[in-house]
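These notes concern the structure reproduced below.
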2 protein chains.
Amino acid sequence: MLKRMPRRSTRDEILVVAAAQFAHVGFKGASLQEIAAEVGCSKATLLYHFAGKDAILAALIGPAAQELAALDARLAALDGPELQVAAIEGFVDLVLRYRQEAALIYGDAARFLREPAFAFLRPHIDNLCAALAGRSPEPADCLAAEVLLGGIAGVVIDKAGEDLREALVAVAKRALITPHDKD
Amino acid sequence: MLKRMPRRSTRDEILVVAAAQFAHVGFKGASLQEIAAEVGCSKATLLYHFAGKDAILAALIGPAAQELAALDARLAALDGPELQVAAIEGFVDLVLRYRQEAALIYGDAARFLREPAFAFLRPHIDNLCAALAGRSPEPADCLAAEVLLGGIAGVVIDKAGEDLREALVAVAKRALITPHDKD
DNA sequence: CACTTTCCTGACCGATCGGACAGGATCTGA
DNA sequence: TCAGATCCTGTCCGATCGGTCAGGAAAGTG
């Protein structure tokens with residue numbers, strides 16, 4: 001009778017705890033038992049609110065994926081250096097807003113980006129990567145974009161600070177926007 | 001009776017298969033059963049050659065950690081821009097030589113870098129990070145080094161190509177060696 | 001009040017996990 | 001030929017995994 005007051009809806013609290021768990025120990029590493037214990041409910045309650053472990057993951061990734069798609073759509077109209085700037089700033093903002101989800105997706109990337117349930121993420125990530133590379137056909141530029149994509153997504157989990165955004169944008173610009181003294 | 005000929009020592013083959021499994025599905029995600037099946041032996045054989053799953057991981061990380069320590073020692077004598085160049089090239093070479101191990105360590109970094117069994121890696125990684133940042137006290141420079149460290153370690157798993165090394169070194173130099181028009 | 005819906009739980013299930021152990025092959029050197 | 005390592009395996013074990021299910025409490029709703 002002590003804690004009958006749900007400070008938030010139980011469902012939301014499950015998502016918060018699950019996001020942290022997935023981000024820190026990976027999807028396979030996290031167990032429903034531990035999540036339930038941290039939430040303060042029983043494991044069966046998790047499976048009442050969600051169809052299964054995968055459903056929790058899907059509910060977690062959904063909003064982030066939606067914003068990623070929106071970012072892609074916004075970038076589709078741009079080109080040249082301003083494309084890269086917009087891609088960098090948009091990506092950094094997105095990652096900072098969905099730190100745990102980004103770490104989860106990137107950490108377990110090879111795992112479930114192949115799985116059909118999350119294969120729809122792949123083209124979006126590829127598009128973003130291409131945008132970060134300024135749509136350059138050079139493999140070296142695409143590689144640089146991948147390095148920054150993964151590096152930024154993986155570093156933000158336990159970082160904090162106001163100037164985090166500026167620092168991330170700065171390093172990405174340095175690495176990706178090559179001064180056009182190419183030839 | 002068909003495959004009684006061990007093309008290499010069974011122990012070495014276990015390490016090869018385990019490295020690939022760990023790198024692709026993570027340490028917790030990999031199962032001894034699958035590794036044994038891929039090697040072509042029984043699960044009990046794995047536990048004959050190694051004290052346990054952790055021991056396989058330790059045997060896998062050991063050589064990579066040793067070379068990382070050697071790189072750190074080599075970098076300790078350097079300073080300034082040549083420190084950064086040496087750190088970048090040394091790190092890229094190291095990662096390319098131990099692709100799977102690097103992906104494993106970085107992918108499960110938050111997992112077992114805290115565990116005491118692998119805590120000894122932490123100072124080496126911190127040193128390398130500081131060297132990549134040119135021992136700059138600026139948080140932004142340290143952050144950039146972390147981004148590149150993780151990004152490079154995470155991207156090399158399924159990449160190939162001769163010019164991979166050059167491209168990685170190039171993007172790291174661009175991102176980390178800031179032209180000293182700082183003030 | 002009774003009735004329905006929503007929310008939650010303990011108990012249980014089959015599968016799989018890492019690991020232990022006794023013993024069978026296979027090889028070696030005396 | 002025989003004894004002792006070395007290498008390997010089938011079988012079993014307890015723990016934990018994700019998931020199911022019948023049913024109890026709470027909260028609207030008439």
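In the structure tokens, chains take letters A, B, ... by order of appearance, with residues numbered from 1 within each chain and ligands from 1 in the order shown.
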- Leaving out C:DA20 and any residue of its chain fewer than 3 positions from it, which residues lie within 12 Å of it when counting only C-alpha atoms (C1' of nucleotides), given as a VMD selection string? (chain B and resid 44 47 to 48 51 to 52) or (chain D and resid 11 to 14)
Please build the interface table for chain D against chain A with a cut-off of 12 Å, listing for each qualifying residue the nearest atom pair and the distance in Å to one decimal; count only C-alpha atoms (C1' of nucleotides), order rows by chain and increasing number, and write it as a Markdown table.
| residue | atom | partner | partner_atom | distance |
| --- | --- | --- | --- | --- |
| D:DT16 | C1' | A:Ser31 | CA | 9.4 |
| D:DC17 | C1' | A:Ser31 | CA | 7.6 |
| D:DG18 | C1' | A:Lys53 | CA | 7.5 |
| D:DG19 | C1' | A:Gly52 | CA | 7.6 |
| D:DT20 | C1' | A:Ala44 | CA | 9.4 |
| D:DC21 | C1' | A:Ala44 | CA | 10.4 |
| D:DA25 | C1' | A:Met1 | CA | 11.2 |
| D:DA26 | C1' | A:Arg4 | CA | 10.1 |
Can I get the selection written as a PDB file, in the first residue's frame, with C-alpha atoms (C1' of nucleotides)?
ATOM      1  C1'  DT D  16      18.439 -17.961 -15.529  1.00  0.00           C
ATOM      2  C1'  DC D  17      16.338 -16.689 -19.620  1.00  0.00           C
ATOM      3  C1'  DG D  18      11.757 -14.940 -22.087  1.00  0.00           C
ATOM      4  C1'  DG D  19       7.076 -15.942 -21.893  1.00  0.00           C
ATOM      5  C1'  DT D  20       2.175 -17.895 -20.427  1.00  0.00           C
ATOM      6  C1'  DC D  21      -1.795 -18.066 -17.565  1.00  0.00           C
ATOM      7  C1'  DA D  25      -7.016  -5.931  -6.363  1.00  0.00           C
ATOM      8  C1'  DA D  26      -8.439  -1.091  -8.062  1.00  0.00           C
TER       9       DA D  26
END
Fit chain A to chain B, all Cα atoms paired in order, least squares. Then write it as a PDB file with C-alpha atoms, in the first residue's frame.
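Generated output (superposed_31.pdb):
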ATOM      1  CA  MET A   1      37.208 -40.576 -38.515  1.00  0.00           C
ATOM      2  CA  LEU A   2      36.786 -38.072 -41.284  1.00  0.00           C
ATOM      3  CA  LYS A   3      37.994 -34.959 -39.570  1.00  0.00           C
ATOM      4  CA  ARG A   4      40.479 -36.298 -37.143  1.00  0.00           C
ATOM      5  CA  MET A   5      43.050 -34.011 -38.673  1.00  0.00           C
ATOM      6  CA  PRO A   6      43.112 -30.701 -36.850  1.00  0.00           C
ATOM      7  CA  ARG A   7      44.094 -28.219 -39.515  1.00  0.00           C
ATOM      8  CA  ARG A   8      45.323 -26.147 -36.643  1.00  0.00           C
ATOM      9  CA  SER A   9      45.385 -26.908 -33.000  1.00  0.00           C
ATOM     10  CA  THR A  10      41.835 -27.092 -31.724  1.00  0.00           C
ATOM     11  CA  ARG A  11      42.649 -24.490 -29.136  1.00  0.00           C
ATOM     12  CA  ASP A  12      43.645 -21.957 -31.756  1.00  0.00           C
ATOM     13  CA  GLU A  13      40.570 -22.654 -33.812  1.00  0.00           C
ATOM     14  CA  ILE A  14      38.410 -22.042 -30.773  1.00  0.00           C
ATOM     15  CA  LEU A  15      40.030 -18.661 -30.339  1.00  0.00           C
ATOM     16  CA  VAL A  16      39.449 -17.741 -33.982  1.00  0.00           C
ATOM     17  CA  VAL A  17      35.787 -18.677 -33.903  1.00  0.00           C
ATOM     18  CA  ALA A  18      35.222 -17.123 -30.491  1.00  0.00           C
ATOM     19  CA  ALA A  19      36.796 -13.862 -31.614  1.00  0.00           C
ATOM     20  CA  ALA A  20      34.413 -13.651 -34.539  1.00  0.00           C
ATOM     21  CA  GLN A  21      31.408 -14.562 -32.416  1.00  0.00           C
ATOM     22  CA  PHE A  22      32.241 -12.128 -29.621  1.00  0.00           C
ATOM     23  CA  ALA A  23      32.847  -9.341 -32.102  1.00  0.00           C
ATOM     24  CA  HIS A  24      29.586  -9.898 -33.946  1.00  0.00           C
ATOM     25  CA  VAL A  25      27.084 -10.657 -31.212  1.00  0.00           C
ATOM     26  CA  GLY A  26      28.907  -9.430 -28.136  1.00  0.00           C
ATOM     27  CA  PHE A  27      30.323 -11.375 -25.248  1.00  0.00           C
ATOM     28  CA  LYS A  28      27.039 -12.087 -23.552  1.00  0.00           C
ATOM     29  CA  GLY A  29      25.308 -12.690 -26.843  1.00  0.00           C
ATOM     30  CA  ALA A  30      27.711 -15.415 -27.898  1.00  0.00           C
ATOM     31  CA  SER A  31      27.051 -18.898 -26.584  1.00  0.00           C
ATOM     32  CA  LEU A  32      29.539 -21.676 -26.031  1.00  0.00           C
ATOM     33  CA  GLN A  33      27.236 -24.037 -27.861  1.00  0.00           C
ATOM     34  CA  GLU A  34      27.322 -22.007 -31.047  1.00  0.00           C
ATOM     35  CA  ILE A  35      31.060 -21.519 -30.871  1.00  0.00           C
ATOM     36  CA  ALA A  36      31.582 -25.239 -30.382  1.00  0.00           C
ATOM     37  CA  ALA A  37      29.260 -26.047 -33.255  1.00  0.00           C
ATOM     38  CA  GLU A  38      31.125 -23.700 -35.572  1.00  0.00           C
ATOM     39  CA  VAL A  39      34.464 -25.089 -34.497  1.00  0.00           C
ATOM     40  CA  GLY A  40      33.164 -28.596 -35.009  1.00  0.00           C
ATOM     41  CA  CYS A  41      33.689 -29.913 -31.513  1.00  0.00           C
ATOM     42  CA  SER A  42      31.620 -30.299 -28.386  1.00  0.00           C
ATOM     43  CA  LYS A  43      30.964 -27.626 -25.831  1.00  0.00           C
ATOM     44  CA  ALA A  44      32.846 -29.671 -23.263  1.00  0.00           C
ATOM     45  CA  THR A  45      35.928 -29.397 -25.425  1.00  0.00           C
ATOM     46  CA  LEU A  46      35.876 -25.630 -25.096  1.00  0.00           C
ATOM     47  CA  LEU A  47      35.822 -26.010 -21.347  1.00  0.00           C
ATOM     48  CA  TYR A  48      38.640 -28.497 -21.502  1.00  0.00           C
ATOM     49  CA  HIS A  49      40.918 -26.009 -23.260  1.00  0.00           C
ATOM     50  CA  PHE A  50      39.747 -22.982 -21.309  1.00  0.00           C
ATOM     51  CA  ALA A  51      38.678 -22.613 -17.711  1.00  0.00           C
ATOM     52  CA  GLY A  52      35.472 -20.901 -18.754  1.00  0.00           C
ATOM     53  CA  LYS A  53      33.914 -18.358 -21.041  1.00  0.00           C
ATOM     54  CA  ASP A  54      35.807 -15.574 -19.309  1.00  0.00           C
ATOM     55  CA  ALA A  55      39.080 -17.381 -19.892  1.00  0.00           C
ATOM     56  CA  ILE A  56      38.420 -17.440 -23.634  1.00  0.00           C
ATOM     57  CA  LEU A  57      37.816 -13.721 -23.536  1.00  0.00           C
ATOM     58  CA  ALA A  58      40.975 -13.141 -21.551  1.00  0.00           C
ATOM     59  CA  ALA A  59      43.059 -15.239 -23.936  1.00  0.00           C
ATOM     60  CA  LEU A  60      41.600 -13.235 -26.793  1.00  0.00           C
ATOM     61  CA  ILE A  61      42.189  -9.817 -25.332  1.00  0.00           C
ATOM     62  CA  GLY A  62      45.593 -10.577 -23.853  1.00  0.00           C
ATOM     63  CA  PRO A  63      47.787 -10.077 -26.925  1.00  0.00           C
ATOM     64  CA  ALA A  64      45.892  -6.991 -28.031  1.00  0.00           C
ATOM     65  CA  ALA A  65      46.211  -5.499 -24.574  1.00  0.00           C
ATOM     66  CA  GLN A  66      49.914  -6.231 -24.560  1.00  0.00           C
ATOM     67  CA  GLU A  67      50.440  -4.381 -27.817  1.00  0.00           C
ATOM     68  CA  LEU A  68      48.298  -1.552 -26.549  1.00  0.00           C
ATOM     69  CA  ALA A  69      50.544  -1.270 -23.512  1.00  0.00           C
ATOM     70  CA  ALA A  70      53.593  -1.308 -25.768  1.00  0.00           C
ATOM     71  CA  LEU A  71      52.107   1.488 -27.844  1.00  0.00           C
ATOM     72  CA  ASP A  72      51.467   3.488 -24.708  1.00  0.00           C
ATOM     73  CA  ALA A  73      55.029   3.037 -23.593  1.00  0.00           C
ATOM     74  CA  ARG A  74      56.301   4.146 -26.978  1.00  0.00           C
ATOM     75  CA  LEU A  75      54.122   7.252 -26.888  1.00  0.00           C
ATOM     76  CA  ALA A  76      55.196   8.216 -23.403  1.00  0.00           C
ATOM     77  CA  ALA A  77      58.487   9.568 -24.719  1.00  0.00           C
ATOM     78  CA  LEU A  78      56.913  11.793 -27.336  1.00  0.00           C
ATOM     79  CA  ASP A  79      55.252  15.142 -27.150  1.00  0.00           C
ATOM     80  CA  GLY A  80      53.658  17.819 -29.263  1.00  0.00           C
ATOM     81  CA  PRO A  81      52.334  17.220 -32.777  1.00  0.00           C
ATOM     82  CA  GLU A  82      54.597  14.270 -33.414  1.00  0.00           C
ATOM     83  CA  LEU A  83      52.987  12.618 -30.389  1.00  0.00           C
ATOM     84  CA  GLN A  84      49.600  12.916 -32.023  1.00  0.00           C
ATOM     85  CA  VAL A  85      50.833  11.610 -35.359  1.00  0.00           C
ATOM     86  CA  ALA A  86      52.489   8.639 -33.700  1.00  0.00           C
ATOM     87  CA  ALA A  87      49.418   7.979 -31.574  1.00  0.00           C
ATOM     88  CA  ILE A  88      47.087   8.107 -34.552  1.00  0.00           C
ATOM     89  CA  GLU A  89      49.194   5.873 -36.766  1.00  0.00           C
ATOM     90  CA  GLY A  90      49.996   3.467 -33.945  1.00  0.00           C
ATOM     91  CA  PHE A  91      46.380   3.216 -32.929  1.00  0.00           C
ATOM     92  CA  VAL A  92      45.123   2.679 -36.457  1.00  0.00           C
ATOM     93  CA  ASP A  93      47.719  -0.016 -37.051  1.00  0.00           C
ATOM     94  CA  LEU A  94      46.792  -1.678 -33.783  1.00  0.00           C
ATOM     95  CA  VAL A  95      43.099  -1.644 -34.541  1.00  0.00           C
ATOM     96  CA  LEU A  96      43.650  -2.986 -38.033  1.00  0.00           C
ATOM     97  CA  ARG A  97      45.751  -5.813 -36.665  1.00  0.00           C
ATOM     98  CA  TYR A  98      43.173  -6.698 -33.986  1.00  0.00           C
ATOM     99  CA  ARG A  99      39.940  -5.791 -35.711  1.00  0.00           C
ATOM    100  CA  GLN A 100      37.710  -8.229 -33.913  1.00  0.00           C
ATOM    101  CA  GLU A 101      39.238  -7.626 -30.522  1.00  0.00           C
ATOM    102  CA  ALA A 102      38.916  -3.877 -30.974  1.00  0.00           C
ATOM    103  CA  ALA A 103      35.278  -4.167 -31.945  1.00  0.00           C
ATOM    104  CA  LEU A 104      34.686  -6.450 -28.999  1.00  0.00           C
ATOM    105  CA  ILE A 105      36.347  -4.195 -26.467  1.00  0.00           C
ATOM    106  CA  TYR A 106      34.693  -1.097 -27.804  1.00  0.00           C
ATOM    107  CA  GLY A 107      31.301  -2.678 -28.315  1.00  0.00           C
ATOM    108  CA  ASP A 108      31.161  -4.084 -24.815  1.00  0.00           C
ATOM    109  CA  ALA A 109      33.303  -1.323 -23.378  1.00  0.00           C
ATOM    110  CA  ALA A 110      30.907  -0.072 -20.756  1.00  0.00           C
ATOM    111  CA  ARG A 111      30.191  -3.663 -19.824  1.00  0.00           C
ATOM    112  CA  PHE A 112      33.483  -5.055 -18.705  1.00  0.00           C
ATOM    113  CA  LEU A 113      35.853  -2.126 -18.502  1.00  0.00           C
ATOM    114  CA  ARG A 114      34.384  -1.667 -15.054  1.00  0.00           C
ATOM    115  CA  GLU A 115      34.899  -5.278 -14.129  1.00  0.00           C
ATOM    116  CA  PRO A 116      38.093  -5.734 -12.129  1.00  0.00           C
ATOM    117  CA  ALA A 117      39.274  -8.509 -14.419  1.00  0.00           C
ATOM    118  CA  PHE A 118      39.710  -6.045 -17.273  1.00  0.00           C
ATOM    119  CA  ALA A 119      40.123  -2.835 -15.339  1.00  0.00           C
ATOM    120  CA  PHE A 120      43.816  -2.898 -16.181  1.00  0.00           C
ATOM    121  CA  LEU A 121      42.857  -1.867 -19.725  1.00  0.00           C
ATOM    122  CA  ARG A 122      41.374   1.376 -18.540  1.00  0.00           C
ATOM    123  CA  PRO A 123      44.567   3.360 -17.873  1.00  0.00           C
ATOM    124  CA  HIS A 124      46.025   2.241 -21.173  1.00  0.00           C
ATOM    125  CA  ILE A 125      42.984   3.439 -23.052  1.00  0.00           C
ATOM    126  CA  ASP A 126      43.005   6.670 -21.103  1.00  0.00           C
ATOM    127  CA  ASN A 127      46.667   7.185 -21.922  1.00  0.00           C
ATOM    128  CA  LEU A 128      46.045   6.525 -25.576  1.00  0.00           C
ATOM    129  CA  CYS A 129      43.153   8.911 -25.537  1.00  0.00           C
ATOM    130  CA  ALA A 130      45.300  11.594 -23.943  1.00  0.00           C
ATOM    131  CA  ALA A 131      48.009  11.003 -26.522  1.00  0.00           C
ATOM    132  CA  LEU A 132      45.500  11.288 -29.348  1.00  0.00           C
ATOM    133  CA  ALA A 133      44.443  14.600 -27.857  1.00  0.00           C
ATOM    134  CA  GLY A 134      48.064  15.760 -27.711  1.00  0.00           C
ATOM    135  CA  ARG A 135      47.828  15.805 -23.930  1.00  0.00           C
ATOM    136  CA  SER A 136      45.567  18.792 -24.202  1.00  0.00           C
ATOM    137  CA  PRO A 137      43.715  19.664 -21.005  1.00  0.00           C
ATOM    138  CA  GLU A 138      40.793  20.993 -23.025  1.00  0.00           C
ATOM    139  CA  PRO A 139      37.691  18.820 -22.514  1.00  0.00           C
ATOM    140  CA  ALA A 140      36.771  19.418 -26.139  1.00  0.00           C
ATOM    141  CA  ASP A 141      40.050  17.899 -27.299  1.00  0.00           C
ATOM    142  CA  CYS A 142      39.660  14.873 -25.039  1.00  0.00           C
ATOM    143  CA  LEU A 143      36.149  14.449 -26.315  1.00  0.00           C
ATOM    144  CA  ALA A 144      37.346  14.564 -29.901  1.00  0.00           C
ATOM    145  CA  ALA A 145      39.908  11.897 -29.110  1.00  0.00           C
ATOM    146  CA  GLU A 146      37.233   9.694 -27.573  1.00  0.00           C
ATOM    147  CA  VAL A 147      35.020  10.109 -30.608  1.00  0.00           C
ATOM    148  CA  LEU A 148      37.788   9.089 -32.968  1.00  0.00           C
ATOM    149  CA  LEU A 149      38.943   6.281 -30.706  1.00  0.00           C
ATOM    150  CA  GLY A 150      35.531   4.711 -30.578  1.00  0.00           C
ATOM    151  CA  GLY A 151      34.593   5.514 -34.124  1.00  0.00           C
ATOM    152  CA  ILE A 152      37.676   3.935 -35.610  1.00  0.00           C
ATOM    153  CA  ALA A 153      37.519   0.894 -33.366  1.00  0.00           C
ATOM    154  CA  GLY A 154      33.898   0.317 -34.273  1.00  0.00           C
ATOM    155  CA  VAL A 155      34.107   0.766 -38.013  1.00  0.00           C
ATOM    156  CA  VAL A 156      36.830  -1.669 -38.972  1.00  0.00           C
ATOM    157  CA  ILE A 157      34.978  -4.933 -38.350  1.00  0.00           C
ATOM    158  CA  ASP A 158      33.599  -5.577 -41.777  1.00  0.00           C
ATOM    159  CA  LYS A 159      35.623  -3.092 -43.764  1.00  0.00           C
ATOM    160  CA  ALA A 160      38.395  -4.066 -46.098  1.00  0.00           C
ATOM    161  CA  GLY A 161      40.656  -2.438 -48.612  1.00  0.00           C
ATOM    162  CA  GLU A 162      44.241  -1.400 -48.959  1.00  0.00           C
ATOM    163  CA  ASP A 163      43.648   2.291 -48.499  1.00  0.00           C
ATOM    164  CA  LEU A 164      41.750   1.714 -45.281  1.00  0.00           C
ATOM    165  CA  ARG A 165      44.742   2.614 -43.186  1.00  0.00           C
ATOM    166  CA  GLU A 166      45.406   5.836 -45.045  1.00  0.00           C
ATOM    167  CA  ALA A 167      41.788   6.898 -44.887  1.00  0.00           C
ATOM    168  CA  LEU A 168      41.542   6.274 -41.161  1.00  0.00           C
ATOM    169  CA  VAL A 169      44.785   8.083 -40.443  1.00  0.00           C
ATOM    170  CA  ALA A 170      43.647  10.967 -42.612  1.00  0.00           C
ATOM    171  CA  VAL A 171      40.318  11.488 -40.879  1.00  0.00           C
ATOM    172  CA  ALA A 172      41.923  11.185 -37.465  1.00  0.00           C
ATOM    173  CA  LYS A 173      44.552  13.766 -38.321  1.00  0.00           C
ATOM    174  CA  ARG A 174      41.918  16.118 -39.657  1.00  0.00           C
ATOM    175  CA  ALA A 175      39.806  15.753 -36.545  1.00  0.00           C
ATOM    176  CA  LEU A 176      42.511  15.758 -33.892  1.00  0.00           C
ATOM    177  CA  ILE A 177      45.449  17.805 -35.086  1.00  0.00           C
ATOM    178  CA  THR A 178      43.948  21.235 -34.832  1.00  0.00           C
ATOM    179  CA  PRO A 179      45.817  23.877 -36.749  1.00  0.00           C
ATOM    180  CA  HIS A 180      47.389  25.908 -33.997  1.00  0.00           C
ATOM    181  CA  ASP A 181      45.501  29.052 -34.832  1.00  0.00           C
ATOM    182  CA  LYS A 182      43.811  28.477 -31.529  1.00  0.00           C
ATOM    183  CA  ASP A 183      43.699  31.964 -30.126  1.00  0.00           C
TER     184      ASP A 183
END
- Message: Among stretch 1-179 of chain A, which ones does DSSP assign to alpha helix (DSSP H) (computed from the backbone)? Answer as a ChimeraX atom specification.
- Response: /A:10-25,32-39,43-49,53-76,80-97,99-107,109-112,121-132,139-155,164-176
Determine, for each residue of chain C having at least one atom at most 9 Å from an atom of chain B, the closest pair of atoms and their separation in Å to one decimal, counting only C-alpha atoms (C1' of nucleotides); order by chain and ascending number, as a tab-separated table.
residue	atom	partner	partner_atom	distance
C:DC17	C1'	B:Ser31	CA	7.6
C:DG18	C1'	B:Lys53	CA	7.5
C:DG19	C1'	B:Gly52	CA	7.6
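Between atom C1' of D:DA27 and atom C1' of C:DT5 there is a distance of 8.7 Å.
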- Between atom C1' of D:DC8 and atom C1' of C:DT26, what is the spacing in Å?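 Taking atom C1' of C:DT26 as the start and atom C1' of D:DC8 as the end point, the length is 9.5 Å.
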- Message: Just want the 10 Å neighbourhood of C:DT28, counted on only C-alpha atoms (C1' of nucleotides), with same-chain residues fewer than 6 positions away dropped. Output as a PyMOL selection string.
- Response: chain D and resi 4-6
Kindly save the residues from that selection, with C-alpha atoms (C1' of nucleotides) included, as a PDB file, in the first residue's frame.
ATOM      1  C1'  DG D   4      50.844 -42.181 -18.451  1.00  0.00           C
ATOM      2  C1'  DA D   5      49.678 -37.894 -20.633  1.00  0.00           C
ATOM      3  C1'  DT D   6      46.918 -35.529 -23.692  1.00  0.00           C
TER       4       DT D   6
END
- Task: For atom C1' of C:DC21 and atom C1' of D:DA3, determine how far apart the two atoms are, in Å to one decimal place.
- Result: 23.0 Å
- Message: List the spatial neighbours of D:DG28 as a count of residues only - criterion: any atom at most 12 Å away, only C-alpha atoms (C1' of nucleotides), same-chain residues fewer than 3 positions off excluded.
- Response: 4
